Amino acid sequence: MSELNDSLITSINPFIDRRYVPPTSLQQACLFDTMILTRLAKIAREHPEDMNLFIDELVAINAVLYIPETILAETAGNQGMTMERYRDLHQPLFERLSENVQVRVLSFEMIYDILATTMDQSAQAFLKFRLLNVHLNQTNKMIQHEVERAASPDEIFHALSQQKKDLGERILHLLAFVLLEDGVPDVRLFSDEEKGVYNVRRLLSADEKVLALLHIQNQASFLATYQLESFDCLLCSILNKQLNVWDEEEMAVFLSKHREGKHLHRKIRFSYSVRDVDQRQLDNQELVRFVCRNEEFRITF
């Protein structure tokens with residue numbers, strides 16, 4: 001199966017590891033979707049001094065970053081992409097990450113192998129792998145039907161790849177499930193995707209067959225085990241750590257660099273008391289006021 005044009009990403013090869021090693025008991029397994037990687041790459045290029053703050057967030061949770069090849073392929077998927085352009089766009093990010101965070105790139109075959117090593121018989125491993133993919137794609141009947149007919153991991157990947165839209169998100173959900181099956185206590189996915197990530201995760205959390213496959217007792221346990229954070233969660237965590245360092249104007253300046261354009265129009269899910277929750281757009285000044293003047297304010301997605 002071909003997920004990635006390796007020649008395009010040679011510039012980041014010194015900063016990634018193409019082996020699966022499970023996180024230790026002190027490490028947090030983390031996944032980034034394509035948009036999160038793209039936003040961080042922009043920060044690493046244009047505001048390297050601020051990148052330290054984002055790295056600190058990952059170091060604080062002792063993150064290990066697992067990136068499916070499909071996600072890397074999406075970062076290199078623009079027409080006209082060259083090795084030189086990919087280097088300029090993405091090498092600064094991976095170089096900075098590699099200084100403090102383990103970055104492991106996994107092919108689809110490797111994701112299957114992780115699950116296979118947890119089971120005694122390869123036939124049983126494939127059946128479970130296929131079944132996980134069937135449930136993960138229950139909202140897309142065409143893909144689900146093709147997965148049900150698949151007789152190998154290659155054919156499952158081909159089925160998933162029939163529709164490129166949300167392909168990265170489908171692979172990330174799968175990787176999260178496989179890591180949980182490998183005994184990883186919890187997995188944290190960073191994404192801003194409402195439909196392909198937030199809604200799918202909620203749907204899966206209420207699916208008793210999925211819970212049984214993953215040996216998880218209930219919906220609450222699933223949501224605690226398969227965690228989700230948005231880019232705004234990252235930004236707010238940084239602001240909270242700077243409460244005694246920056247004034248409100250400095251916070252607004254920071255946000256103006258990293259939260260602009262279409263990202264300002266994203267509806268944030270947040271709470272500002274035990275009982276009060278909301279979902280709406282917040283401009284940077286509103287967000288700063290909430291962070292600085294309400295100790296109970298918390299972004300949930």
# chains A, B, ... in the order shown; residues from 1 in each chain; ligands from 1
>>> select_by_dssp(residues="segment 59-190 of chain A", states="helix (DSSP H, G or I)", output="ChimeraX atom specification")
/A:59-60,69-75,83-100,108-116,122-136,141-149,153-160,167-181
>>> closest_residue(among="A:Phe222, A:Phe15, A:Tyr198, A:Phe297", to="Ser98 of chain A", atoms="only C-alpha atoms")
A:Phe15
>>> closest_residue(among="A:Trp246, A:Tyr272, A:Phe32, A:Phe290", to="Ala176 of chain A", atoms="only C-alpha atoms")
A:Phe32
>>> residues_around(residues="segment 16-24 of chain A", least_positions_apart="4", cutoff="8 Å", atoms="only C-alpha atoms", output="count of residues only")
14
>>> residues_around(residues="Glu155 of chain A", least_positions_apart="5", cutoff="12 Å", atoms="only C-alpha atoms", output="list of chain:residue names")
A:Met1, A:Ser2, A:Phe108, A:Glu109, A:Phe126, A:Phe129, A:Arg130, A:Asn133, A:Ile143, A:Glu146, A:Val147, A:Glu148, A:Arg149, A:Ala150, A:Leu160, A:Ser161, A:Gln162
>>> closest_residue(among="A:Met142, A:Leu243, A:Cys233, A:Ile67", to="Ser191 of chain A", atoms="only C-alpha atoms")
A:Cys233
>>> residues_around(residues="Gln242 of chain A", least_positions_apart="3", cutoff="12 Å", atoms="only C-alpha atoms", output="PyMOL selection string")
chain A and resi 53+235-239+245-248+250-251+254+288+291-292
>>> write_last_selection(atoms="all heavy atoms", output="CSV table (one decimal), in the first residue's frame")
chain,number,residue,atom,x,y,z
A,53,LEU,N,6.6,27.9,23.8
A,53,LEU,CA,5.5,27.7,24.7
A,53,LEU,C,4.6,26.5,24.4
A,53,LEU,O,4.1,25.8,25.3
A,53,LEU,CB,4.6,29.0,24.6
A,53,LEU,CG,5.3,30.3,25.1
A,53,LEU,CD1,4.4,31.5,24.8
A,53,LEU,CD2,5.6,30.2,26.6
A,235,LEU,N,-4.0,26.8,23.4
A,235,LEU,CA,-3.8,28.3,23.6
A,235,LEU,C,-4.2,28.7,25.0
A,235,LEU,O,-3.5,29.5,25.6
A,235,LEU,CB,-4.6,29.0,22.5
A,235,LEU,CG,-4.1,28.9,21.1
A,235,LEU,CD1,-5.1,29.6,20.1
A,235,LEU,CD2,-2.7,29.6,20.9
A,236,CYS,N,-5.3,28.2,25.5
A,236,CYS,CA,-5.8,28.6,26.8
A,236,CYS,C,-4.9,28.1,27.9
A,236,CYS,O,-4.7,28.7,28.9
A,236,CYS,CB,-7.2,28.2,27.0
A,236,CYS,SG,-8.4,29.4,26.4
A,237,SER,N,-4.4,26.9,27.7
A,237,SER,CA,-3.4,26.4,28.7
A,237,SER,C,-2.2,27.2,28.8
A,237,SER,O,-1.7,27.5,29.9
A,237,SER,CB,-3.1,24.9,28.3
A,237,SER,OG,-2.2,24.4,29.2
A,238,ILE,N,-1.7,27.7,27.6
A,238,ILE,CA,-0.6,28.6,27.6
A,238,ILE,C,-0.9,29.9,28.3
A,238,ILE,O,-0.2,30.4,29.2
A,238,ILE,CB,-0.1,28.9,26.2
A,238,ILE,CG1,0.5,27.6,25.5
A,238,ILE,CG2,0.9,30.1,26.1
A,238,ILE,CD1,0.8,27.8,24.1
A,239,LEU,N,-2.1,30.5,28.0
A,239,LEU,CA,-2.5,31.7,28.7
A,239,LEU,C,-2.6,31.5,30.2
A,239,LEU,O,-2.2,32.4,31.0
A,239,LEU,CB,-3.9,32.2,28.1
A,239,LEU,CG,-3.9,32.6,26.7
A,239,LEU,CD1,-5.3,33.2,26.3
A,239,LEU,CD2,-2.8,33.7,26.4
A,245,VAL,N,2.4,36.6,34.3
A,245,VAL,CA,3.5,37.1,33.6
A,245,VAL,C,3.0,38.2,32.6
A,245,VAL,O,3.6,39.3,32.4
A,245,VAL,CB,4.2,36.0,32.8
A,245,VAL,CG1,5.4,36.5,32.0
A,245,VAL,CG2,4.7,34.9,33.8
A,246,TRP,N,1.9,37.9,31.8
A,246,TRP,CA,1.4,38.8,30.8
A,246,TRP,C,0.2,39.6,31.3
A,246,TRP,O,-0.6,39.0,32.1
A,246,TRP,CB,1.0,38.0,29.6
A,246,TRP,CG,2.1,37.3,28.8
A,246,TRP,CD1,3.4,37.5,28.9
A,246,TRP,CD2,1.9,36.3,27.9
A,246,TRP,NE1,4.1,36.7,28.1
A,246,TRP,CE2,3.2,35.9,27.4
A,246,TRP,CE3,0.8,35.6,27.3
A,246,TRP,CZ2,3.4,34.9,26.5
A,246,TRP,CZ3,1.0,34.6,26.4
A,246,TRP,CH2,2.3,34.3,25.9
A,247,ASP,N,0.0,40.8,30.8
A,247,ASP,CA,-1.2,41.5,31.1
A,247,ASP,C,-2.2,41.1,30.0
A,247,ASP,O,-1.9,40.4,29.0
A,247,ASP,CB,-1.0,43.0,31.2
A,247,ASP,CG,-0.4,43.6,29.9
A,247,ASP,OD1,-0.6,43.0,28.8
A,247,ASP,OD2,0.2,44.7,30.0
A,248,GLU,N,-3.4,41.6,30.0
A,248,GLU,CA,-4.5,41.2,29.0
A,248,GLU,C,-4.1,41.6,27.6
A,248,GLU,O,-4.4,40.9,26.7
A,248,GLU,CB,-5.8,41.8,29.4
A,248,GLU,CG,-6.4,41.2,30.7
A,248,GLU,CD,-7.8,41.6,31.0
A,248,GLU,OE1,-8.5,42.1,30.1
A,248,GLU,OE2,-8.3,41.4,32.1
A,250,GLU,N,-1.0,41.8,26.4
A,250,GLU,CA,0.0,40.9,25.9
A,250,GLU,C,-0.6,39.6,25.5
A,250,GLU,O,-0.2,39.0,24.5
A,250,GLU,CB,1.1,40.7,26.9
A,250,GLU,CG,2.0,41.9,27.1
A,250,GLU,CD,2.9,41.8,28.3
A,250,GLU,OE1,2.4,41.4,29.4
A,250,GLU,OE2,4.1,42.1,28.2
A,251,MET,N,-1.6,39.2,26.2
A,251,MET,CA,-2.3,37.9,25.9
A,251,MET,C,-3.0,38.1,24.5
A,251,MET,O,-3.0,37.2,23.7
A,251,MET,CB,-3.3,37.5,27.0
A,251,MET,CG,-2.7,37.0,28.2
A,251,MET,SD,-3.9,36.4,29.4
A,251,MET,CE,-2.8,35.8,30.7
A,254,PHE,N,-0.6,37.9,21.7
A,254,PHE,CA,-0.2,36.5,21.5
A,254,PHE,C,-1.3,35.7,20.7
A,254,PHE,O,-1.0,35.1,19.7
A,254,PHE,CB,0.0,35.8,22.8
A,254,PHE,CG,0.2,34.3,22.7
A,254,PHE,CD1,1.5,33.8,22.3
A,254,PHE,CD2,-0.8,33.4,23.0
A,254,PHE,CE1,1.7,32.4,22.2
A,254,PHE,CE2,-0.6,32.0,22.9
A,254,PHE,CZ,0.7,31.5,22.5
A,288,VAL,N,-9.6,36.3,26.1
A,288,VAL,CA,-8.7,36.8,27.2
A,288,VAL,C,-9.4,37.2,28.4
A,288,VAL,O,-9.0,36.8,29.6
A,288,VAL,CB,-7.8,38.0,26.6
A,288,VAL,CG1,-7.1,38.7,27.8
A,288,VAL,CG2,-6.8,37.5,25.6
A,291,VAL,N,-10.4,34.1,30.4
A,291,VAL,CA,-9.3,33.4,31.0
A,291,VAL,C,-8.8,34.2,32.2
A,291,VAL,O,-8.5,33.7,33.3
A,291,VAL,CB,-8.1,33.3,30.0
A,291,VAL,CG1,-6.8,32.9,30.7
A,291,VAL,CG2,-8.4,32.3,28.9
A,292,CYS,N,-8.8,35.5,32.1
A,292,CYS,CA,-8.2,36.4,33.2
A,292,CYS,C,-9.2,36.7,34.3
A,292,CYS,O,-8.8,36.9,35.5
A,292,CYS,CB,-7.8,37.7,32.6
A,292,CYS,SG,-6.3,37.6,31.5
>>> residues_around(residues="Ser205 of chain A", least_positions_apart="3", cutoff="9 Å", atoms="only C-alpha atoms", output="PyMOL selection string")
chain A and resi 200-202+208+210-211+218-223
>>> closest_residue(among="A:Ile111, A:Cys30, A:Asp186, A:His215", to="Asn62 of chain A", atoms="only C-alpha atoms")
A:Cys30
>>> atom_distance(atom1="atom CA of Glu57 of chain A", atom2="atom CA of Leu115 of chain A")
29.5 Å
>>> atom_distance(atom1="atom CA of Glu260 of chain A", atom2="atom CA of Arg39 of chain A")
10.9 Å
>>> closest_residue(among="A:His47, A:Ile61, A:Gln27, A:Ile9", to="Asp88 of chain A", atoms="only C-alpha atoms")
A:Ile9
>>> closest_residue(among="A:Arg96, A:Lys241, A:His173, A:His263", to="Leu228 of chain A", atoms="only C-alpha atoms")
A:His173
>>> select_by_dssp(residues="segment 153-282 of chain A", states="strand (DSSP E or B)", output="list of chain:residue names")
A:Val187, A:Arg188, A:Leu189, A:Phe190, A:Tyr226, A:Gln227, A:Leu228, A:Glu229, A:Ile268, A:Arg269, A:Phe270, A:Ser271, A:Val277, A:Asp278, A:Gln279, A:Arg280
>>> atom_distance(atom1="atom CA of Pro14 of chain A", atom2="atom CA of His90 of chain A")
12.7 Å
